[in-house]
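**Q** What follows is the file start07.cif, containing mmCIF, C-alpha atoms and all ligand atoms:
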```cif
data_final
#
loop_
_atom_site.label_atom_id
_atom_site.label_comp_id
_atom_site.auth_asym_id
_atom_site.auth_seq_id
_atom_site.Cartn_x
_atom_site.Cartn_y
_atom_site.Cartn_z
CA MET C 1 9.89 -111.77 -96.81
CA LEU C 2 8.73 -108.47 -98.34
CA LEU C 3 5.90 -108.51 -95.81
CA HIS C 4 8.45 -109.05 -93.02
CA CYS C 5 10.31 -106.01 -94.36
CA ALA C 6 7.11 -103.96 -94.33
CA HIS C 7 6.30 -104.96 -90.74
CA ALA C 8 9.83 -104.26 -89.52
CA ARG C 9 9.83 -100.87 -91.24
CA TYR C 10 6.41 -99.99 -89.81
CA VAL C 11 7.43 -100.89 -86.25
CA TRP C 12 10.78 -99.09 -86.59
CA ASN C 13 9.13 -95.93 -87.90
CA LEU C 14 6.60 -95.99 -85.04
CA ALA C 15 9.54 -96.14 -82.62
CA VAL C 16 11.23 -93.23 -84.39
CA GLU C 17 8.00 -91.25 -84.22
CA GLN C 18 7.67 -91.89 -80.46
CA HIS C 19 11.18 -90.60 -79.89
CA THR C 20 11.12 -87.60 -82.25
CA HIS C 21 7.84 -86.22 -80.96
CA TRP C 22 8.99 -86.42 -77.38
CA LYS C 23 9.46 -82.98 -75.83
CA PRO C 24 10.99 -81.97 -72.49
CA GLY C 25 8.42 -81.93 -69.71
CA ARG C 26 6.48 -84.85 -71.14
CA ARG C 27 6.84 -88.38 -69.89
CA SER C 28 10.03 -89.87 -71.21
CA ALA C 29 9.85 -91.70 -74.51
CA PRO C 30 9.16 -95.42 -74.01
CA GLY C 31 12.13 -97.74 -73.77
CA PHE C 32 12.51 -101.20 -75.28
CA ALA C 33 10.50 -103.06 -72.62
CA GLU C 34 7.62 -100.57 -72.78
CA GLN C 35 7.67 -100.62 -76.58
CA CYS C 36 7.44 -104.42 -76.56
CA ARG C 37 4.37 -104.19 -74.37
CA GLN C 38 2.86 -101.64 -76.75
CA LEU C 39 3.70 -103.89 -79.68
CA THR C 40 1.70 -106.75 -78.14
CA GLU C 41 -1.23 -104.36 -77.73
CA ALA C 42 -0.89 -103.06 -81.25
CA ARG C 43 -0.87 -106.61 -82.59
CA ARG C 44 -4.14 -107.29 -80.83
CA GLU C 45 -5.79 -104.28 -82.45
CA ASN C 46 -4.14 -104.30 -85.86
CA GLU C 47 -5.00 -107.30 -88.02
CA TRP C 48 -2.30 -106.56 -90.58
CA LEU C 49 0.42 -106.44 -87.91
CA ALA C 50 -0.94 -109.55 -86.15
CA ALA C 51 -0.63 -111.53 -89.37
CA GLY C 52 3.14 -110.97 -89.31
CA ASN C 53 5.83 -112.64 -87.25
CA ALA C 54 6.13 -111.35 -83.68
CA ASP C 55 9.87 -112.07 -83.48
CA VAL C 56 10.62 -110.06 -86.61
CA GLN C 57 8.67 -107.10 -85.26
CA GLN C 58 10.28 -107.31 -81.83
CA GLN C 59 13.75 -107.50 -83.38
CA ALA C 60 12.99 -104.23 -85.20
CA LEU C 61 12.40 -102.66 -81.79
CA LYS C 62 15.61 -104.19 -80.49
CA ASP C 63 17.52 -102.80 -83.49
CA PHE C 64 16.03 -99.41 -82.76
CA ALA C 65 17.04 -99.59 -79.07
CA LYS C 66 20.59 -100.53 -80.11
CA ALA C 67 20.77 -97.73 -82.68
CA LYS C 68 19.43 -95.26 -80.12
CA ASN C 69 22.01 -96.31 -77.52
CA ALA C 70 24.86 -96.07 -80.01
CA ARG C 71 23.80 -92.74 -81.54
CA PHE C 72 26.85 -90.90 -80.18
CA THR C 73 29.40 -93.55 -81.03
CA SER C 74 28.12 -95.27 -84.17
CA GLY C 75 28.70 -92.35 -86.50
CA PHE C 76 25.14 -92.63 -87.81
CA GLY C 77 23.56 -90.27 -85.25
CA GLU C 78 19.91 -90.51 -84.22
CA PRO C 79 17.96 -93.35 -85.80
CA THR C 80 15.87 -91.99 -88.65
CA TRP C 81 12.99 -93.00 -90.86
CA ARG C 82 13.12 -96.10 -93.00
CA THR C 83 11.81 -95.75 -96.51
CA LYS C 84 10.06 -98.25 -98.72
CA TYR C 85 12.31 -99.69 -101.46
CA VAL C 86 15.36 -98.05 -99.88
CA HIS C 87 15.74 -99.51 -96.39
CA GLU C 88 14.14 -102.91 -96.84
CA GLY C 89 15.22 -105.49 -94.33
CA PHE C 90 14.53 -107.36 -91.13
CA ARG C 91 16.44 -109.23 -88.47
CA VAL C 92 15.87 -112.87 -87.60
CA ILE C 93 16.87 -114.35 -84.29
CA GLY C 94 18.12 -117.93 -84.20
CA THR C 95 15.74 -120.68 -83.16
CA ASP C 96 18.20 -123.31 -81.90
CA ARG C 97 18.95 -123.23 -78.18
CA VAL C 98 22.64 -123.79 -77.53
CA PRO C 99 24.70 -123.57 -74.32
CA GLU C 100 26.83 -120.43 -74.14
CA TYR C 101 30.53 -120.29 -73.33
CA GLY C 102 32.71 -117.44 -72.09
CA PRO C 103 35.72 -116.11 -73.96
CA ASP C 104 38.02 -118.52 -72.10
CA GLY C 105 35.94 -121.53 -73.12
CA SER C 106 34.34 -122.15 -69.73
CA PRO C 107 30.54 -122.51 -69.56
CA LYS C 108 28.71 -119.24 -68.97
CA LEU C 109 26.66 -119.54 -65.76
CA ASN C 110 23.64 -117.64 -64.62
CA ALA C 111 24.60 -115.62 -61.54
CA LYS C 112 21.34 -116.41 -59.70
CA THR C 113 20.54 -120.01 -60.54
CA GLY C 114 24.02 -121.31 -61.31
CA LYS C 115 22.72 -123.00 -64.47
CA GLN C 116 24.44 -122.66 -67.80
CA VAL C 117 23.10 -119.81 -69.92
CA MET C 118 21.35 -120.96 -73.08
CA GLY C 119 21.82 -118.77 -76.14
CA ARG C 120 20.30 -118.70 -79.58
CA SER C 121 21.81 -120.02 -82.76
CA VAL C 122 20.76 -119.70 -86.37
CA VAL C 123 20.10 -122.98 -88.15
CA VAL C 124 22.22 -123.04 -91.29
CA GLN C 125 22.68 -126.12 -93.45
CA LYS C 126 25.12 -126.65 -96.23
CA LEU C 127 23.50 -128.20 -99.29
CA ASN C 128 26.47 -128.47 -101.62
CA ARG C 129 29.58 -126.60 -102.66
CA ARG C 130 27.59 -123.56 -103.79
CA TRP C 131 24.41 -123.51 -101.84
CA ALA C 132 23.35 -123.41 -98.22
CA ARG C 133 19.99 -122.81 -96.60
CA VAL C 134 18.71 -121.01 -93.56
CA LYS C 135 15.36 -120.99 -91.80
CA VAL C 136 13.40 -117.75 -92.03
CA PRO C 137 10.26 -117.63 -89.86
CA GLY C 138 7.10 -117.83 -91.93
CA CYS C 139 9.02 -118.75 -95.07
CA GLY C 140 10.62 -122.07 -94.18
CA TRP C 141 13.99 -122.92 -95.68
CA VAL C 142 15.54 -120.20 -97.82
CA ARG C 143 18.45 -121.07 -100.08
CA PHE C 144 21.41 -118.74 -100.33
CA ARG C 145 24.92 -118.73 -101.74
CA PRO C 146 27.56 -118.30 -99.02
CA SER C 147 30.14 -115.61 -99.79
CA ALA C 148 32.91 -117.69 -98.18
CA LYS C 149 33.62 -120.45 -100.65
CA GLY C 150 36.37 -122.93 -101.30
CA LYS C 151 38.16 -125.38 -99.06
CA GLY C 152 37.75 -124.94 -95.34
CA ALA C 153 35.04 -122.31 -95.69
CA LYS C 154 32.83 -122.61 -92.67
CA LEU C 155 29.18 -121.72 -92.43
CA PRO C 156 28.47 -118.96 -89.94
CA ALA C 157 27.57 -119.85 -86.37
CA ALA C 158 25.60 -116.71 -85.67
CA LYS C 159 22.99 -115.74 -83.11
CA THR C 160 21.08 -113.55 -85.51
CA PHE C 161 21.12 -112.58 -89.15
CA ARG C 162 19.75 -109.71 -91.11
CA VAL C 163 17.95 -110.07 -94.42
CA THR C 164 18.02 -107.07 -96.74
CA TYR C 165 16.49 -106.37 -100.11
CA ARG C 166 17.84 -103.80 -102.49
CA ASN C 167 18.06 -103.38 -106.26
CA GLY C 168 16.14 -106.59 -106.76
CA GLN C 169 18.60 -108.68 -104.74
CA TRP C 170 18.18 -110.37 -101.40
CA HIS C 171 21.09 -110.63 -98.98
CA ALA C 172 21.52 -112.38 -95.65
CA ALA C 173 24.20 -111.03 -93.33
CA PHE C 174 25.20 -113.20 -90.38
CA ALA C 175 26.43 -111.44 -87.26
CA VAL C 176 29.68 -113.18 -86.38
CA ILE C 177 32.96 -111.90 -85.04
CA PRO C 178 35.45 -113.22 -87.58
CA GLU C 179 38.70 -114.82 -86.55
CA GLU C 180 41.90 -112.90 -87.16
CA THR C 181 44.01 -113.90 -90.12
CA PRO C 182 47.22 -115.36 -88.66
CA ALA C 183 50.45 -113.57 -89.55
CA PRO C 184 52.90 -115.58 -91.67
CA GLY C 185 55.69 -114.89 -89.11
CA THR C 186 58.33 -114.15 -91.73
CA GLY C 187 58.86 -110.57 -90.56
CA GLU C 188 58.10 -109.33 -94.05
CA VAL C 189 56.99 -105.71 -94.39
CA VAL C 190 55.00 -104.43 -97.32
CA GLY C 191 54.32 -100.87 -98.38
CA ILE C 192 51.23 -99.97 -100.33
CA ASP C 193 50.86 -96.91 -102.52
CA ARG C 194 47.30 -96.22 -103.55
CA GLY C 195 46.78 -94.35 -106.77
CA VAL C 196 44.30 -93.61 -109.51
CA THR C 197 45.95 -95.45 -112.41
CA ILE C 198 47.06 -98.39 -110.25
CA THR C 199 44.75 -98.98 -107.31
CA ALA C 200 47.40 -100.47 -105.06
CA ALA C 201 51.10 -100.78 -105.91
CA LEU C 202 52.97 -103.08 -103.54
CA SER C 203 56.61 -102.60 -102.62
CA ASP C 204 57.39 -106.11 -103.92
CA GLY C 205 56.54 -104.91 -107.42
CA ARG C 206 53.03 -106.24 -107.72
CA LYS C 207 50.36 -103.94 -109.09
CA LEU C 208 46.82 -104.66 -108.01
CA ASN C 209 43.87 -103.18 -109.80
CA CYS C 210 40.35 -102.86 -108.54
CA PRO C 211 37.91 -104.11 -111.18
CA GLN C 212 35.59 -101.49 -112.58
CA LEU C 213 32.68 -101.49 -114.96
CA THR C 214 33.55 -102.38 -118.51
CA VAL C 215 33.13 -99.88 -121.33
CA LYS C 216 30.09 -101.84 -122.46
CA GLU C 217 28.51 -101.69 -119.01
CA ARG C 218 29.13 -97.97 -118.78
CA ALA C 219 27.46 -97.52 -122.15
CA GLN C 220 24.51 -99.53 -120.87
CA ILE C 221 24.19 -97.25 -117.84
CA ARG C 222 24.18 -94.20 -120.11
CA LYS C 223 21.60 -95.80 -122.37
CA HIS C 224 19.19 -96.53 -119.53
CA GLU C 225 19.74 -93.10 -117.99
CA ARG C 226 18.90 -91.51 -121.30
CA ARG C 227 15.76 -93.62 -121.68
CA ALA C 228 14.71 -92.78 -118.13
CA ALA C 229 15.20 -89.09 -118.76
CA ARG C 230 12.99 -89.25 -121.87
CA ALA C 231 10.24 -91.33 -120.30
CA SER C 232 7.22 -89.35 -119.15
CA LYS C 233 7.06 -88.35 -115.51
CA GLY C 234 5.70 -90.97 -113.15
CA SER C 235 5.52 -93.59 -115.89
CA GLU C 236 6.23 -97.24 -115.31
CA GLN C 237 9.01 -97.10 -117.87
CA LYS C 238 10.85 -94.40 -115.96
CA THR C 239 10.87 -96.49 -112.79
CA ALA C 240 11.98 -99.56 -114.70
CA GLU C 241 14.84 -97.74 -116.43
CA TYR C 242 16.10 -96.24 -113.18
CA ALA C 243 15.95 -99.69 -111.57
CA LYS C 244 18.19 -100.99 -114.36
CA VAL C 245 20.67 -98.17 -113.76
CA ALA C 246 20.70 -98.92 -110.04
CA ARG C 247 21.38 -102.60 -110.66
CA LEU C 248 24.32 -101.86 -112.92
CA LYS C 249 25.78 -99.43 -110.42
CA ALA C 250 25.31 -101.96 -107.64
CA ARG C 251 27.31 -104.40 -109.71
CA GLU C 252 30.28 -102.02 -109.62
CA ALA C 253 30.03 -101.62 -105.86
CA ASN C 254 29.84 -105.40 -105.43
CA ARG C 255 32.97 -105.90 -107.51
CA ARG C 256 34.83 -103.29 -105.51
CA LYS C 257 33.84 -104.89 -102.22
CA ASP C 258 34.78 -108.34 -103.43
CA TRP C 259 38.19 -107.11 -104.58
CA CYS C 260 38.81 -105.37 -101.24
CA GLU C 261 37.93 -108.56 -99.35
CA LYS C 262 40.23 -110.75 -101.40
CA THR C 263 43.10 -108.27 -101.43
CA SER C 264 42.93 -107.56 -97.71
CA THR C 265 42.94 -111.29 -96.91
CA MET C 266 45.94 -111.77 -99.18
CA LEU C 267 47.78 -108.89 -97.49
CA ALA C 268 46.95 -110.05 -93.97
CA SER C 269 48.01 -113.64 -94.62
CA SER C 270 51.24 -112.97 -96.54
CA PHE C 271 52.84 -110.04 -94.67
CA ASP C 272 53.63 -109.42 -91.01
CA LEU C 273 53.45 -105.65 -91.23
CA ILE C 274 51.39 -103.74 -93.73
CA ARG C 275 52.12 -100.05 -94.26
CA PHE C 276 49.69 -97.77 -96.04
CA GLU C 277 50.54 -94.24 -97.03
CA LYS C 278 48.40 -91.92 -94.97
CA LEU C 279 45.79 -90.33 -97.18
CA ASN C 280 43.22 -87.85 -96.13
CA ILE C 281 40.54 -89.22 -98.42
CA GLN C 282 37.90 -86.95 -96.95
CA ASN C 283 39.96 -83.87 -97.84
CA MET C 284 40.92 -85.20 -101.24
CA THR C 285 37.38 -85.95 -102.22
CA ARG C 286 35.86 -82.82 -100.73
CA SER C 287 33.95 -80.65 -103.15
CA ALA C 288 36.10 -78.18 -105.03
CA LYS C 289 33.15 -76.01 -105.99
CA GLY C 290 33.82 -73.18 -103.56
CA THR C 291 31.39 -70.32 -103.17
CA VAL C 292 29.88 -67.80 -105.59
CA GLU C 293 32.35 -65.12 -104.48
CA GLN C 294 35.31 -67.49 -104.50
CA PRO C 295 34.71 -70.17 -107.11
CA GLY C 296 36.92 -73.21 -106.70
CA LYS C 297 39.69 -74.13 -109.09
CA ASN C 298 39.67 -77.23 -111.30
CA VAL C 299 36.15 -78.16 -110.31
CA ARG C 300 35.65 -80.50 -113.26
CA GLN C 301 39.00 -82.22 -112.81
CA LYS C 302 38.51 -82.67 -109.12
CA SER C 303 35.00 -84.06 -109.43
CA GLY C 304 36.38 -86.60 -111.89
CA LEU C 305 39.14 -87.49 -109.46
CA ASN C 306 36.61 -87.68 -106.65
CA ARG C 307 34.67 -90.23 -108.55
CA SER C 308 37.68 -92.35 -109.36
CA ILE C 309 38.98 -92.16 -105.80
CA LEU C 310 35.69 -93.30 -104.39
CA ALA C 311 35.42 -95.93 -107.10
CA GLN C 312 38.75 -97.41 -106.15
CA GLY C 313 37.65 -98.11 -102.61
CA TRP C 314 40.90 -97.03 -100.98
CA GLY C 315 39.35 -96.50 -97.60
CA LEU C 316 37.65 -99.89 -97.61
CA LEU C 317 40.87 -101.74 -98.38
CA ARG C 318 42.67 -100.10 -95.44
CA GLN C 319 39.72 -100.72 -93.13
CA ARG C 320 39.26 -104.39 -94.04
CA THR C 321 43.00 -105.09 -93.76
CA GLU C 322 42.95 -103.59 -90.27
CA HIS C 323 39.99 -105.83 -89.35
CA LYS C 324 41.78 -108.95 -90.53
CA ALA C 325 45.23 -108.05 -89.17
CA PRO C 326 44.62 -105.92 -86.08
CA GLY C 327 47.79 -104.21 -84.85
CA ARG C 328 49.71 -105.12 -87.99
CA VAL C 329 48.65 -102.14 -90.09
CA GLU C 330 50.49 -98.83 -90.01
CA ASP C 331 49.92 -95.45 -91.63
CA VAL C 332 52.93 -93.65 -93.05
CA PRO C 333 52.66 -89.90 -93.73
CA ALA C 334 52.29 -89.41 -97.46
CA PRO C 335 54.40 -86.34 -98.41
CA TYR C 336 57.33 -87.00 -100.77
CA THR C 337 56.75 -90.74 -101.04
CA SER C 338 56.23 -90.25 -104.77
CA LEU C 339 59.19 -87.89 -105.25
CA ARG C 340 61.82 -89.56 -103.07
CA CYS C 341 64.29 -91.98 -104.55
CA SER C 342 63.91 -95.27 -102.71
CA ALA C 343 67.57 -96.14 -103.41
CA CYS C 344 69.41 -93.02 -102.23
CA GLY C 345 66.75 -90.94 -100.50
CA TRP C 346 67.09 -87.88 -102.70
CA ILE C 347 63.87 -85.89 -103.11
CA GLU C 348 63.46 -84.16 -106.42
CA LYS C 349 60.43 -83.30 -108.45
CA LYS C 350 62.31 -83.87 -111.70
CA SER C 351 62.97 -87.49 -110.78
CA ARG C 352 59.38 -88.30 -111.58
CA LYS C 353 59.57 -88.35 -115.36
CA SER C 354 55.95 -89.23 -115.97
CA GLN C 355 52.98 -90.93 -114.36
CA ALA C 356 54.71 -94.29 -114.68
CA ASP C 357 58.47 -93.67 -114.71
CA PHE C 358 60.84 -92.71 -111.94
CA VAL C 359 64.47 -91.93 -112.76
CA CYS C 360 66.55 -90.54 -109.88
CA VAL C 361 68.44 -87.37 -110.88
CA SER C 362 71.03 -88.04 -108.21
CA CYS C 363 71.94 -91.72 -108.53
CA GLY C 364 70.22 -92.76 -111.73
CA PHE C 365 68.05 -95.40 -110.05
CA THR C 366 65.24 -96.36 -112.43
CA CYS C 367 61.97 -97.84 -111.31
CA ASN C 368 58.24 -97.76 -111.82
CA ALA C 369 56.99 -94.62 -110.06
CA ASP C 370 54.29 -96.42 -108.10
CA GLU C 371 56.62 -99.20 -107.03
CA ASN C 372 59.17 -96.59 -105.92
CA ALA C 373 56.51 -94.87 -103.81
CA ALA C 374 55.43 -98.19 -102.32
CA THR C 375 59.05 -98.97 -101.36
CA ASN C 376 59.23 -95.61 -99.62
CA VAL C 377 56.04 -96.42 -97.74
CA ALA C 378 57.44 -99.81 -96.74
CA ALA C 379 60.47 -98.04 -95.25
CA GLY C 380 58.04 -96.46 -92.81
CA GLN C 381 58.10 -93.19 -90.98
CA GLY C 382 61.72 -93.53 -89.93
CA GLY C 383 62.81 -94.10 -93.50
CA ILE C 384 61.53 -90.80 -94.78
CA PRO C 385 63.15 -87.86 -93.00
CA ARG C 386 61.32 -84.59 -93.39
CA PRO C 387 63.20 -82.17 -95.65
CA ARG C 388 64.94 -79.14 -94.26
CA ARG C 389 63.50 -75.80 -95.15
CA SER C 390 66.85 -74.52 -96.48
CA ALA C 391 70.47 -75.57 -96.24
CA GLY C 392 71.45 -72.52 -94.19
CA ALA C 393 68.62 -72.60 -91.69
CA GLY C 394 69.28 -76.18 -90.75
CA GLY C 395 65.91 -76.47 -89.09
CA VAL C 396 63.77 -79.50 -89.65
CA THR C 397 60.22 -78.64 -90.53
CA THR C 398 57.77 -80.09 -88.13
CA ALA C 399 54.64 -81.87 -89.15
CA THR C 400 51.91 -79.33 -89.59
CA GLY C 401 48.24 -79.79 -89.11
CA ARG C 402 47.76 -80.04 -92.84
CA SER C 403 48.57 -83.60 -93.61
CA ASN C 404 47.34 -83.80 -97.18
CA ALA C 405 49.92 -84.65 -99.79
CA ARG C 406 51.52 -81.58 -101.30
CA GLU C 407 54.33 -81.09 -103.70
CA PRO C 408 57.38 -79.71 -101.91
CA GLN C 409 58.11 -76.00 -102.18
CA PRO C 410 60.84 -74.96 -104.66
CA THR C 411 63.31 -74.16 -101.86
CA TRP C 412 63.28 -77.79 -100.75
CA VAL C 413 63.87 -79.35 -104.08
CA GLY C 414 67.28 -80.86 -104.64
CA ILE C 415 68.56 -80.74 -101.06
CA PRO C 416 69.97 -84.02 -99.80
CA LEU C 417 68.25 -85.27 -96.73
CA PHE C 418 71.00 -86.43 -94.42
ZN ZN C 501 68.62 -92.01 -106.08
#
```
Would you mind writing the structure in this file as structure tokens?

**A**
Amino acid sequence: MLLHCAHARYVWNLAVEQHTHWKPGRRSAPGFAEQCRQLTEARRENEWLAAGNADVQQQALKDFAKAKNARFTSGFGEPTWRTKYVHEGFRVIGTDRVPEYGPDGSPKLNAKTGKQVMGRSVVVQKLNRRWARVKVPGCGWVRFRPSAKGKGAKLPAAKTFRVTYRNGQWHAAFAVIPEETPAPGTGEVVGIDRGVTITAALSDGRKLNCPQLTVKERAQIRKHERRAARASKGSEQKTAEYAKVARLKAREANRRKDWCEKTSTMLASSFDLIRFEKLNIQNMTRSAKGTVEQPGKNVRQKSGLNRSILAQGWGLLRQRTEHKAPGRVEDVPAPYTSLRCSACGWIEKKSRKSQADFVCVSCGFTCNADENAATNVAAGQGGIPRPRRSAGAGGVTTATGRSNAREPQPTWVGIPLF
């Protein structure tokens, strides 16, 4: 499989080279069909390439063509170089021929011949509760552990899958369009307040926390980083120590992803409408360093916050929930959700006694601060009127371009909102 990775990377990088060295006035860079022809030629001349699997190499070209076509919309831009050890992977196309059906369930017919279109399907077999196997060309059956476990978990019916290798672990990702999670139909609305101390506080009082590395694991990371730093340059030990660090860090990312998957499924299956407070994560995590002339404030604090924000995977949770419950996820503007009393609507900075406690100065309502904020989010946009600038002016401030959460100005504090 490592050889497959090497071939796919080689072919991909050749394609990148063809497209980056193309200049106006020259013949246009070869497209997919032309590249396939060139690949056949290259396989005839290059023994190393010929020893590999033709399908794997051709799929690398197809991936490149797809990436090239989507360069304006994918968010990844122009396809770039693939590096050894970093971008290891290859795509496998299914070997089973299966009849294709349209979205309405009717057989897909070829416009010219009138025969049913035959598509490809990956051969996946379930071995037992934990293990399944898939056929990889040139390697035979390869065992893997499906990520969807438990009762009713189905094996993927995919046309292709992608095998990747990173940090000493192999992964197979099957390209399937997942089914939506059905709404419970109870009309229940939930508000979610994302924070640093509690990853996600729900308006029903539940507090969900994203698992992080344990103190012991963090100490291990530091230990291996220290050893790597002391190892001599270019030594085998240095590489080995850095590999250990990478594996531990990958463990954290895996836990975060797993938590986001489970939590988003839970949210999508138990609530009809899910409201998130609108965060501008990009702004919140932006570097606070500033420039030499204008050094930023609280650089250390902010970089610490940056790390914890990214570690919590806020963005991923919102994104995965939207995937599983399309049209049932809403964003509620964030200002004042943490300062407003969810019982009487009074906004006052003093109501927030500490990180955890909320005691309304107006009505005496007592609640956990995160739960209070989540209840405000659940009330939605209509539930949180924007505060007036001053009692005399009577004007309602309009939403400005700056949508990041800010504490209200002193003139607003303590003015009832109706
Ligand atoms: Zn109150």

**Q** Mind pulling up the distance from atom CA of Gln116 of chain C to atom CA of Pro178 of chain C?

**A**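 For atom CA of Pro178 of chain C relative to atom CA of Gln116 of chain C, the distance reads 24.5 Å.
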
**Q** Could the residues of chain C that have an atom at most 8 Å from ligand ZN 501 (chain C) be listed as JSON lines, each with its closest atom pair and the distance in Å to one decimal, counting all atoms listed in the file and ordered by chain and ascending residue number?

**A**
```
{"residue": "C:Arg340", "atom": "CA", "partner": "C:ZN501", "partner_atom": "ZN", "distance": 7.8}
{"residue": "C:Cys341", "atom": "CA", "partner": "C:ZN501", "partner_atom": "ZN", "distance": 4.6}
{"residue": "C:Ser342", "atom": "CA", "partner": "C:ZN501", "partner_atom": "ZN", "distance": 6.6}
{"residue": "C:Ala343", "atom": "CA", "partner": "C:ZN501", "partner_atom": "ZN", "distance": 5.0}
{"residue": "C:Cys344", "atom": "CA", "partner": "C:ZN501", "partner_atom": "ZN", "distance": 4.1}
{"residue": "C:Gly345", "atom": "CA", "partner": "C:ZN501", "partner_atom": "ZN", "distance": 6.0}
{"residue": "C:Trp346", "atom": "CA", "partner": "C:ZN501", "partner_atom": "ZN", "distance": 5.6}
{"residue": "C:Val359", "atom": "CA", "partner": "C:ZN501", "partner_atom": "ZN", "distance": 7.9}
{"residue": "C:Cys360", "atom": "CA", "partner": "C:ZN501", "partner_atom": "ZN", "distance": 4.6}
{"residue": "C:Val361", "atom": "CA", "partner": "C:ZN501", "partner_atom": "ZN", "distance": 6.7}
{"residue": "C:Ser362", "atom": "CA", "partner": "C:ZN501", "partner_atom": "ZN", "distance": 5.1}
{"residue": "C:Cys363", "atom": "CA", "partner": "C:ZN501", "partner_atom": "ZN", "distance": 4.1}
{"residue": "C:Gly364", "atom": "CA", "partner": "C:ZN501", "partner_atom": "ZN", "distance": 5.9}
{"residue": "C:Phe365", "atom": "CA", "partner": "C:ZN501", "partner_atom": "ZN", "distance": 5.3}
```

**Q** Can you tell me, as a tab-separated table (two decimals) with C-alpha atoms, in the coordinates of the input, what residues are no more than 8 Å from Glu180 of chain C when counting only C-alpha atoms, ignoring any on the same chain fewer than 6 positions away?

**A**
```tsv
chain	number	residue	atom	x	y	z
C	323	HIS	CA	39.99	-105.83	-89.35
C	324	LYS	CA	41.78	-108.95	-90.53
C	325	ALA	CA	45.23	-108.05	-89.17
C	326	PRO	CA	44.62	-105.92	-86.08
```

**Q** Rounded to one decimal in Å, what is the spacing between atom CA of Ala228 of chain C and atom CA of Asn167 of chain C?

**A** 16.3 Å

**Q** Just the residues within 8 Å of Ala157 of chain C, please, counting only C-alpha atoms, with nothing from its chain fewer than 4 positions along; format it as a VMD selection string.

**A** chain C and resid 121 to 122 124 176

**Q** Which residues, written as a VMD selection string, have at least one atom at most 7 Å from segment 71-83 of chain C, with all atoms listed in the file counted and residues fewer than 3 positions away on the same chain left out?

**A** chain C and resid 9 13 16 67 to 68 86 to 87

**Q** Of the candidates C:Val196, C:Val56, C:Val142, C:Cys210, which one gets nearest to Ala6 of chain C if we count all atoms listed in the file?

**A**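 Closest residue, counting all atoms listed in the file: C:Val56.
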
**Q** Would you pick out the contacts of segment 259-274 of chain C at 8 Å or less, using all atoms listed in the file, so that residues sharing its chain but fewer than 6 positions from it are not included, and give the list as a ChimeraX atom specification?

**A** /C:181-192,210-211,313,316-318,320-321,324-325,328-330,378

**Q** Go through C:Glu217, C:Asp258, C:Asn69, C:Gln58 and flag the residue nearest Thr40 of chain C, using only C-alpha atoms for the distances.

**A**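 With only C-alpha atoms as the atom set, the closest residue is C:Gln58.
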